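This report refers to the structure that appears directly beneath it.
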Amino acid sequence: MRKIQMVDLKGQYDGIKDQVNSSFQEVIENAAFINGPEVQQFQKDLEEYLQVKHVIPCANGTDALQIAMMGLDLKPGDEVITADFTFAATVEVIALLQLTPVLVDVEPDSFNIDPEAIKKAITPKTKAIVPVHLFGQAANMDAIMEIAKEHNLYVIEDNAQAIGGNYHFKNGETQKTGAIGHIGATSFFPSKNLGCYGDGGAIFTNDDDLAHTIRGIVNHGMYERYHHDVVGVNSRLDSLQAAVLRAKLPKLDSYNEARRKSAKQYSEAFKGQEDIITPVLLDKEDTHVYHQYTLKIKNGKRDALAKHLQEKGIPFGIYYPIPLHKQKAYTDSRYNEADFPVTNQLVQEVLSLPMHTELDDEQIEYITATIKNFLDT
């Protein structure tokens with residue numbers, strides 16, 4: 001059996017190395033390392049794939065979120081509602097811009113932000129909602145967009161874990177995640193479903209004026225060289241990373257389908273296990289891209305199972321072990337523990353298994369058998 005890895009980027013590279021190597025050589029020979037042809041073409045390719053008017057590449061996913069908020073001209077003290085159960089990048093950019101993060105609970109099945117909790121958290125200072133499509137499954141965008149429209153709020157989608165996923169609206173329409181709200185942000189960190197070989201990110205929008213503003217922000221606030229019209233940052237996707245992403249983008253749907261196949265195998269193997277709750281698919285299969293395959297381990301057995309997996313050489317992740325409202329940087333007297341029952345339970349139960357495009361049947365069989373044998377003893 002091949003060595004089991006949480007993410008097998010080397011195996012994935014083997015399938016695209018000729019194109020990547022050739023593109024790297026071309027970039028080096030042309031010396032167009034910043035905003036070169038590879039970046040410009042990737043931008044157009046991703047716009048077509050997402051069916052969105054504007055893609056603005058940037059240096060990483062955290063920058064993408066920050067720049068999105070800068071583009072909306074939010075002011076210090078404005079409140080931004082987001083999920084308590086997610087990676088810190090989502091909330092840290094809110095704090096960095098001197099906005100006020102408002103953390104709310106998530107749904108127990110999807111792990112995504114709870115629309116009812118959003119409604120309860122809205123105040124006259126609320127200006128935006130940041131739904132995170134956690135682990136690869138879309139948040140309830142029907143409800144979130146309705147809330148935003150009713151209260152005149154911006155919606156900034158954190159799509160770092162769900163690129164390539166679809167959302168099916170109640171009216172029958174379908175859109176790619178990240179292209180639904182006023183603005184979307186994603187990360188191309190190497191382990192993402194669409195990942196480069198360093199850092200990278202992008203911002204999406206269908207708003208022409210907003211896109212124009214953001215294009216200036218990512219480039220020191222310049223639209224014309226040495227003319228700084230807005231306060232900006234230095235956040236650009238480099239041409240080598242764009243070359244990797246151009247090679248991977250045509251394969252993204254097949255990559256995501258491979259993840260779905262592995263997820264089905266995992267879930268089938270765990271049927272009937274009373275200590276395991278497998279991921280819940282809330283809509284059609286194409287709404288989940290399984291950036292993570294995350295179990296809930298019941299009856300207080302998660303930590304013991306994690307130790308056993310470590311002893312057996314099976315990698316795993318606990319995403320996330322501490323709620324954001326309990327992190328030292330984001331504690332706030334406004335928060336009441338009674339408002340976070342789901343998050344507080346999830347951090348004690350979640351365990352993510354290896355998930356990537358190169359998983360094979362033998363590896364999945366070994367992983368699932370190891371887990372079942374431990375829980376059955």
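We name chains A, B, ... following the order of the structure tokens; residues begin at 1 in each chain, and ligands are numbered from 1 as shown.
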Quiz prompt | Selection: 8 Å around Thr86 in chain A, only C-alpha atoms, excl. self and same-chain fewer than 5 positions, as an MDAnalysis selection string | solution = chainID A and resid 132 134 319:320 323:324
Go ahead and write the selection's residues with N, CA, C and O atoms as a tab-separated table (two decimals), in the first residue's frame.
chain	number	residue	atom	x	y	z
A	132	VAL	N	-19.17	31.17	5.26
A	132	VAL	CA	-18.04	30.33	4.88
A	132	VAL	C	-18.60	28.99	4.39
A	132	VAL	O	-19.33	28.33	5.13
A	134	LEU	N	-18.02	25.87	4.44
A	134	LEU	CA	-17.02	25.09	5.18
A	134	LEU	C	-16.92	23.65	4.70
A	134	LEU	O	-17.94	22.99	4.44
A	319	TYR	N	-10.34	20.05	12.62
A	319	TYR	CA	-10.67	21.39	12.12
A	319	TYR	C	-12.08	21.73	12.59
A	319	TYR	O	-13.05	21.22	12.01
A	320	TYR	N	-12.20	22.43	13.72
A	320	TYR	CA	-11.18	23.23	14.41
A	320	TYR	C	-11.30	22.94	15.89
A	320	TYR	O	-12.41	22.74	16.39
A	323	PRO	N	-13.20	27.14	19.36
A	323	PRO	CA	-14.07	28.12	18.70
A	323	PRO	C	-13.40	29.50	18.65
A	323	PRO	O	-12.59	29.84	19.52
A	324	LEU	N	-13.75	30.27	17.65
A	324	LEU	CA	-13.16	31.61	17.55
A	324	LEU	C	-13.53	32.48	18.74
A	324	LEU	O	-12.72	33.30	19.19
Quiz item: If we count only C-alpha atoms, what is near Ile314 in chain A at a cut-off of 12 Å, once residues fewer than 6 positions away on the same chain are taken out, given as a PyMOL selection string?
Solution: chain A and resi 2-7+305-308+352-355+363-364+366-371
Find the spatial neighbours of range 106-122 of chain A, counting only C-alpha atoms, within a cut-off of 7 Å - ignore same-chain residues fewer than 6 positions away - and output them as an mmCIF file with N, CA, C and O atoms, in the first residue's frame.
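This went into result20.cif:
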data_model
loop_
_atom_site.group_PDB
_atom_site.id
_atom_site.type_symbol
_atom_site.label_atom_id
_atom_site.label_comp_id
_atom_site.auth_asym_id
_atom_site.auth_seq_id
_atom_site.Cartn_x
_atom_site.Cartn_y
_atom_site.Cartn_z
ATOM 1 N N ILE A 81 -20.949 40.011 10.410
ATOM 2 C CA ILE A 81 -21.364 38.744 11.003
ATOM 3 C C ILE A 81 -20.717 37.585 10.253
ATOM 4 O O ILE A 81 -20.763 37.530 9.015
ATOM 5 N N ALA A 83 -19.214 33.133 10.896
ATOM 6 C CA ALA A 83 -19.362 31.901 11.679
ATOM 7 C C ALA A 83 -18.287 31.779 12.754
ATOM 8 O O ALA A 83 -17.125 32.115 12.526
ATOM 9 N N PHE A 85 -17.394 28.845 13.885
ATOM 10 C CA PHE A 85 -16.695 27.598 13.601
ATOM 11 C C PHE A 85 -16.059 27.677 12.220
ATOM 12 O O PHE A 85 -16.638 27.283 11.215
ATOM 13 N N PRO A 131 -20.591 34.393 4.919
ATOM 14 C CA PRO A 131 -20.794 32.944 5.018
ATOM 15 C C PRO A 131 -19.546 32.209 4.539
ATOM 16 O O PRO A 131 -18.932 32.596 3.542
ATOM 17 N N VAL A 132 -19.175 31.168 5.259
ATOM 18 C CA VAL A 132 -18.039 30.327 4.877
ATOM 19 C C VAL A 132 -18.603 28.992 4.394
ATOM 20 O O VAL A 132 -19.335 28.326 5.126
ATOM 21 N N HIS A 133 -18.287 28.605 3.173
ATOM 22 C CA HIS A 133 -18.749 27.313 2.656
ATOM 23 C C HIS A 133 -17.790 26.243 3.186
ATOM 24 O O HIS A 133 -16.902 25.755 2.491
ATOM 25 N N LEU A 134 -18.019 25.870 4.443
ATOM 26 C CA LEU A 134 -17.019 25.092 5.176
ATOM 27 C C LEU A 134 -16.920 23.648 4.696
ATOM 28 O O LEU A 134 -17.935 22.986 4.439
ATOM 29 N N ALA A 139 -23.138 27.034 2.028
ATOM 30 C CA ALA A 139 -24.047 27.520 3.068
ATOM 31 C C ALA A 139 -25.433 27.752 2.462
ATOM 32 O O ALA A 139 -25.604 27.714 1.232
ATOM 33 N N ALA A 143 -31.404 31.603 2.066
ATOM 34 C CA ALA A 143 -31.775 32.324 3.283
ATOM 35 C C ALA A 143 -30.865 33.519 3.529
ATOM 36 O O ALA A 143 -31.331 34.608 3.904
ATOM 37 N N ILE A 144 -29.568 33.345 3.290
ATOM 38 C CA ILE A 144 -28.618 34.425 3.566
ATOM 39 C C ILE A 144 -28.852 35.619 2.644
ATOM 40 O O ILE A 144 -28.824 36.773 3.090
ATOM 41 N N VAL A 280 -23.192 15.083 6.086
ATOM 42 C CA VAL A 280 -24.563 15.102 5.589
ATOM 43 C C VAL A 280 -24.610 15.934 4.305
ATOM 44 O O VAL A 280 -24.198 17.097 4.289
ATOM 45 N N VAL A 342 -23.861 24.507 19.248
ATOM 46 C CA VAL A 342 -23.422 23.608 18.184
ATOM 47 C C VAL A 342 -21.907 23.655 18.038
ATOM 48 O O VAL A 342 -21.230 22.621 18.010
ATOM 49 N N THR A 343 -21.357 24.860 17.954
ATOM 50 C CA THR A 343 -19.913 24.999 17.812
ATOM 51 C C THR A 343 -19.182 24.350 18.983
ATOM 52 O O THR A 343 -18.189 23.621 18.790
#
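Residues with any atom within 9 Å of range 327-341 of chain A, counting only C-alpha atoms and excluding same-chain neighbours fewer than 3 positions away, are Asp84, Val91, Glu92, Ala95, Pro101, Val102, Leu103, Val104, Asp105, Val106, Ala117, Ile322, Pro323, Leu324, Asn344, Gln345 and Leu346 of chain A.
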Self-check item: Pick from A:Thr123, A:Thr62, A:Asn140, A:Ser22 nearest to Val93 in chain A, counting only C-alpha atoms
Solution: A:Thr62
Quiz item: Residues of range 93-331 of chain A in strand (DSSP E) according to DSSP, as a PyMOL selection string?
Solution: chain A and resi 100-104+126-130+154-158+166-168+174-176+183-187+201-205+222-224+227-228+276-277+293-297
Export N, CA and C atoms of the chosen residues as a compact mmCIF listing (two decimals), in the first residue's frame?
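Result file part16.txt:
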# COMPACT_ATOMS: atom_id res chain seq x y z
N THR A 100 -15.97 45.43 13.45
CA THR A 100 -16.34 44.65 14.62
C THR A 100 -16.84 43.28 14.20
N PRO A 101 -16.07 42.21 14.50
CA PRO A 101 -16.55 40.87 14.17
C PRO A 101 -17.68 40.46 15.10
N VAL A 102 -18.70 39.87 14.52
CA VAL A 102 -19.82 39.34 15.30
C VAL A 102 -19.93 37.86 14.95
N LEU A 103 -19.56 37.01 15.90
CA LEU A 103 -19.53 35.57 15.68
C LEU A 103 -20.86 34.94 16.07
N VAL A 104 -21.34 34.04 15.21
CA VAL A 104 -22.60 33.35 15.50
C VAL A 104 -22.42 31.85 15.28
N THR A 126 -24.75 46.63 11.74
CA THR A 126 -24.39 45.53 10.86
C THR A 126 -24.34 46.00 9.41
N LYS A 127 -23.24 45.64 8.74
CA LYS A 127 -23.07 46.06 7.35
C LYS A 127 -22.84 44.88 6.40
N ALA A 128 -22.40 43.73 6.92
CA ALA A 128 -22.07 42.63 6.02
C ALA A 128 -22.19 41.29 6.72
N ILE A 129 -22.38 40.25 5.90
CA ILE A 129 -22.39 38.86 6.35
C ILE A 129 -21.31 38.12 5.58
N VAL A 130 -20.53 37.30 6.27
CA VAL A 130 -19.51 36.48 5.60
C VAL A 130 -19.84 35.01 5.84
N TYR A 154 -24.26 43.68 2.78
CA TYR A 154 -23.41 43.04 1.80
C TYR A 154 -23.21 41.57 2.19
N VAL A 155 -23.01 40.73 1.19
CA VAL A 155 -22.65 39.33 1.41
C VAL A 155 -21.29 39.08 0.76
N ILE A 156 -20.33 38.65 1.60
CA ILE A 156 -18.98 38.33 1.14
C ILE A 156 -18.79 36.83 1.34
N GLU A 157 -18.76 36.07 0.26
CA GLU A 157 -18.60 34.63 0.38
C GLU A 157 -17.13 34.25 0.60
N ASP A 158 -16.88 33.50 1.66
CA ASP A 158 -15.56 32.89 1.86
C ASP A 158 -15.62 31.52 1.20
N ASN A 166 -21.45 23.77 -6.62
CA ASN A 166 -22.65 24.45 -7.12
C ASN A 166 -23.62 24.72 -6.00
N TYR A 167 -24.47 25.74 -6.21
CA TYR A 167 -25.57 25.98 -5.28
C TYR A 167 -26.85 26.01 -6.10
N HIS A 168 -27.83 25.23 -5.67
CA HIS A 168 -29.11 25.16 -6.36
C HIS A 168 -30.14 25.97 -5.57
N THR A 174 -29.03 27.68 -10.77
CA THR A 174 -27.80 27.14 -10.22
C THR A 174 -26.67 28.13 -10.44
N GLN A 175 -25.85 28.35 -9.42
CA GLN A 175 -24.66 29.19 -9.54
C GLN A 175 -23.50 28.52 -8.83
N LYS A 176 -22.29 28.87 -9.26
CA LYS A 176 -21.10 28.41 -8.57
C LYS A 176 -20.96 29.14 -7.23
N ILE A 183 -19.78 39.79 -3.40
CA ILE A 183 -18.36 39.58 -3.66
C ILE A 183 -17.96 38.23 -3.08
N GLY A 184 -17.01 37.57 -3.71
CA GLY A 184 -16.51 36.29 -3.22
C GLY A 184 -15.00 36.32 -3.10
N ALA A 185 -14.47 35.48 -2.24
CA ALA A 185 -13.03 35.42 -2.04
C ALA A 185 -12.61 33.96 -1.93
N THR A 186 -11.45 33.64 -2.49
CA THR A 186 -10.96 32.27 -2.38
C THR A 186 -9.47 32.23 -2.18
N SER A 187 -8.98 31.08 -1.76
CA SER A 187 -7.56 30.82 -1.56
C SER A 187 -7.11 29.75 -2.53
N GLY A 201 -4.56 33.75 -4.33
CA GLY A 201 -5.96 33.96 -4.02
C GLY A 201 -6.65 34.73 -5.12
N ALA A 202 -7.95 34.94 -4.96
CA ALA A 202 -8.70 35.71 -5.95
C ALA A 202 -9.99 36.23 -5.34
N ILE A 203 -10.49 37.29 -5.95
CA ILE A 203 -11.74 37.94 -5.56
C ILE A 203 -12.66 37.90 -6.76
N PHE A 204 -13.95 37.64 -6.54
CA PHE A 204 -14.92 37.56 -7.63
C PHE A 204 -16.05 38.56 -7.40
N THR A 205 -16.55 39.16 -8.47
CA THR A 205 -17.74 39.99 -8.36
C THR A 205 -18.35 40.21 -9.73
N MET A 222 -3.24 51.94 -7.42
CA MET A 222 -2.92 52.58 -8.69
C MET A 222 -3.78 52.03 -9.84
N TYR A 223 -4.28 52.95 -10.66
CA TYR A 223 -4.86 52.60 -11.95
C TYR A 223 -3.93 53.07 -13.07
N GLU A 224 -3.17 54.08 -12.75
CA GLU A 224 -2.12 54.60 -13.63
C GLU A 224 -0.84 54.65 -12.80
N HIS A 227 0.14 56.99 -9.80
CA HIS A 227 -1.05 57.77 -9.43
C HIS A 227 -1.88 56.90 -8.48
N HIS A 228 -1.87 57.26 -7.20
CA HIS A 228 -2.51 56.44 -6.17
C HIS A 228 -3.87 57.04 -5.83
N ILE A 276 -20.20 7.09 14.90
CA ILE A 276 -19.78 7.95 13.78
C ILE A 276 -20.98 8.57 13.10
N ILE A 277 -20.90 9.87 12.88
CA ILE A 277 -21.85 10.56 12.01
C ILE A 277 -21.06 11.05 10.80
N TYR A 293 -13.17 15.73 4.44
CA TYR A 293 -14.18 14.73 4.79
C TYR A 293 -14.16 14.64 6.31
N THR A 294 -15.18 15.25 6.92
CA THR A 294 -15.17 15.45 8.37
C THR A 294 -16.25 14.65 9.05
N LEU A 295 -15.83 13.75 9.93
CA LEU A 295 -16.72 12.95 10.75
C LEU A 295 -17.03 13.66 12.05
N LYS A 296 -18.15 13.27 12.65
CA LYS A 296 -18.40 13.58 14.05
C LYS A 296 -18.30 12.27 14.83
N ILE A 297 -17.35 12.24 15.77
CA ILE A 297 -17.13 11.04 16.59
C ILE A 297 -17.84 11.24 17.91
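Distance annotation: of A:Ile214, A:Ala59, A:Met141, A:Cys196, the residue with the minimal separation from Ala242 in chain A is A:Cys196; atom set is only C-alpha atoms.
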